[in-house]
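Colleague: What follows is a structure written as structure tokens; I'll ask about it next.
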Amino acid sequence: MTTEPNFNEIPAYIPKKGEDFMSKGQLKHFIHKLNVWRDQLVFEAENTINHIQEDSTPVADINDRATIEEEFALELRTRDRERKLINKIDKTLHMIDMGDYGYCKTCGIEITLQRLEARPTADQCIDCKTISEKKEI
């Protein structure tokens, strides 16, 4: 049986004194973190597929069948959100390849390492993200 990768076990990057923002070490760290996260999501999606295939045997009781179908629907909605997150991770890895990672797409300033550790797919600094969220309301 394959073990599940764990995105949360990757320690935060500690920059060296005088290290440039988005140095090779930082980029390598975030590439690794994003790939582990992506692998974890793919692993969970594959488990869902296997689970649904194995547990799809017909059930005679209508209430049991409804419960199983609702569980499957919930799992599929969760996997759909994760599919979108995988796409965002892929987009972020592309941004790294293009040399645009770590900078706010709105104002161009550096996104803090603390924010990137918490949300490696962040593409806005906290100030711009806050403003855009307020505009959504």
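In the structure tokens, each chain is lettered A, B, ... as it comes, each chain's residues begin at 1, and ligands are numbered from 1 in order of appearance.
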Which residues of range 7-34 of chain A come within 9 Å of range 90-108 of chain A, and for each one, what is the closest pair of atoms and their distance in Å to one decimal, counting only C-alpha atoms, sorted by chain and residue number, as a Markdown table?
Modeller:
| residue | atom | partner | partner_atom | distance |
| --- | --- | --- | --- | --- |
| A:Phe21 | CA | A:Gly102 | CA | 8.3 |
| A:Met22 | CA | A:Gly102 | CA | 6.9 |
| A:Leu27 | CA | A:Ile96 | CA | 7.4 |
| A:Phe30 | CA | A:Leu93 | CA | 8.9 |
| A:Ile31 | CA | A:Leu93 | CA | 6.8 |
| A:Leu34 | CA | A:Leu93 | CA | 7.5 |
Colleague: Would you list, as JSON, numbers by chain, the residues of chain A that end up in alpha helix (DSSP H) under DSSP run on this structure's backbone?
Modeller: {"A": [24, 25, 26, 27, 28, 29, 30, 31, 32, 33, 34, 35, 36, 37, 38, 39, 40, 41, 42, 43, 44, 45, 46, 47, 48, 49, 50, 51, 52, 53, 54, 62, 63, 64, 65, 66, 67, 68, 69, 70, 71, 72, 73, 74, 75, 76, 77, 78, 79, 80, 81, 82, 83, 84, 85, 86, 87, 88, 89, 90, 91, 92, 93, 94, 95, 96, 97, 98, 113, 114, 115, 116, 117, 118, 126, 127, 128, 129, 130, 131, 132, 133, 134, 135, 136]}
Colleague: Using only C-alpha atoms, pick whichever of A:Glu82, A:Glu69, A:Glu19, A:Asp55 has the shortest atom-to-atom distance to Asp39 in chain A.
Modeller: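 Closest to Asp39 in chain A of all the choices is A:Glu82.
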Colleague: Need to verify the contact set: Val42 in chain A, 12 Å, only C-alpha atoms, exclusion of same-chain residues closer than 6 positions in sequence. Can you return it as a compact mmCIF listing (two decimals) with C-alpha atoms, in the first residue's frame?
Modeller:
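result_21.txt, written as the output of this step:
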# COMPACT_ATOMS: atom_id res chain seq x y z
CA GLU A 4 0.11 9.36 1.72
CA PRO A 5 2.52 12.29 1.25
CA ASN A 35 4.83 19.16 -5.68
CA VAL A 36 4.26 17.33 -2.38
CA THR A 48 -11.70 8.27 -3.82
CA ILE A 49 -11.96 6.58 -7.21
CA ARG A 79 -12.35 16.20 -5.12
CA ASP A 80 -13.70 18.78 -7.59
CA GLU A 82 -9.14 19.77 -5.04
CA ARG A 83 -8.99 19.40 -8.84
CA LYS A 84 -9.26 23.18 -9.08
CA LEU A 85 -6.51 23.47 -6.48
CA ILE A 86 -4.29 21.13 -8.53
CA ASN A 87 -4.80 23.47 -11.49
CA ILE A 89 -0.69 24.54 -8.11
Colleague: Could you tell me which of A:Thr78, A:Lys33, A:Thr130, A:Lys17 comes closest to Leu116 in chain A if we count only C-alpha atoms?
Modeller: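 With only C-alpha atoms as the atom set, the closest residue is A:Lys33.
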Colleague: By how many Å are CA of Glu136 in chain A and CA of Leu113 in chain A apart?
Modeller: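 Here the two named atoms are 25.7 Å from each other.
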Colleague: CA of Thr121 in chain A to CA of Ala73 in chain A: how many Å, to one decimal?
Modeller: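 Answer for the CA of Thr121 in chain A to CA of Ala73 in chain A separation: 26.8 Å.
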